[in-house]
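K.L.:
Structure incoming, see below.
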Amino acid sequence: MARPEEKAKSMLNRWLKGQQEEGGSGLKRRRPYMASACKDLNECDKWRGQILRDIGAKVMEIQNSALQEDRIRELNDEINKLMRVKHAWEKQILKLGGPNYIKQASKLQEDEGEGIPGGGRGGPQYKYFGAARNLPGVKELFEKPKAQKKARRTKHEILKGIDADYFGYRDEDDGVLLKVEAEADEARSAAVREEQEEVLAAKGAVDGEGPAPVGKGKGGEGGSSADTHLPDEKATEKSSAEAKKSDLMAKYASEELQQQVQYQ
């Protein structure tokens, strides 16, 4: 029958031993108000763990959307207050040479909340957890504005900026375009005359006559363009082929073969 009493004593002994290890007395110690007042790294780490447990419990409670609106707002404020306290203890731990918990924040608390865009200057950002994100006035903060489609311009608006300059009606008023066109026509005419001279010179070399002057009449004097004989395309190709043939014969054929071809 002494079994339950022994069991109770063993449990009491374990509880007393745990209390002695924590503070040396059976009374529960309160967390220091200022984190900077604690100079022991292990103590700071212990108080930070207690804050994390409190945050986790309140985050679980705020997930219940059936709570009253006032209770949800109160819980959200308490969670954010504990987050600021946790941040202060993490700064003290880092100051005492401990690990950098600020960069290695717990994913459970950091990812659960959703912060206001542009907030959190100089400390932890105010966040909304669980059902607090669906509160009136809060849900609108996280709604992204819909991208408005750019209205298409009407035909009247497009034609409003079109005038005579768009169609090039006044391009010749300043005289610049006329000057450029005259220079281009002159260059093109010179190229055509040069090409005609080359063709006539090649034909004269094949026929054994001198090159006929371009732009001369029958009497060798200047005449109209109608007196000048212009070969057609077939004659030009034939004269070019004969000129190439004579050049090749002069380069590669013997004199006897050249004489035979000339007699033919």
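Identifiers in this document derive from the order of the structure tokens: chains are assigned A, B, ..., residues are numbered from 1 separately in each chain, and ligands are numbered from 1 in order of occurrence.
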For Ala37 (chain A), please output as number ranges by chain all residues within 12 Å (counting only C-alpha atoms; exclusion window: fewer than 5 positions along the same chain).
P.N.:
A: 31-32, 43-44, 88-89, 92-93, 96
K.L.:
CA of Met60 (chain A) and CA of Ile72 (chain A), how far apart in Å?
P.N.:
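Between CA of Ile72 (chain A) and CA of Met60 (chain A) the gap is 11.7 Å.
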K.L.:
Just give me the gap between CA of Asn80 (chain A) and CA of Gly56 (chain A) in Å, one decimal is fine.
P.N.:
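Distance between the two atoms: 11.9 Å.
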K.L.:
Could you tell me how far CA of Asn134 (chain A) lies from CA of Ser65 (chain A), in Å and to one decimal?
P.N.:
8.8 Å
K.L.:
Which residues of region 180-207 of chain A come within 8 Å of region 240-246 of chain A, and what is each one's closest atom pair and distance in Å (one decimal), counting only C-alpha atoms, sorted by chain and residue number, as JSON lines?
P.N.:
{"residue": "A:Val199", "atom": "CA", "partner": "A:Ser240", "partner_atom": "CA", "distance": 7.6}
{"residue": "A:Ala202", "atom": "CA", "partner": "A:Ala243", "partner_atom": "CA", "distance": 6.3}
{"residue": "A:Lys203", "atom": "CA", "partner": "A:Ala243", "partner_atom": "CA", "distance": 7.7}
{"residue": "A:Ala205", "atom": "CA", "partner": "A:Ala243", "partner_atom": "CA", "distance": 7.7}
{"residue": "A:Val206", "atom": "CA", "partner": "A:Ala243", "partner_atom": "CA", "distance": 6.4}
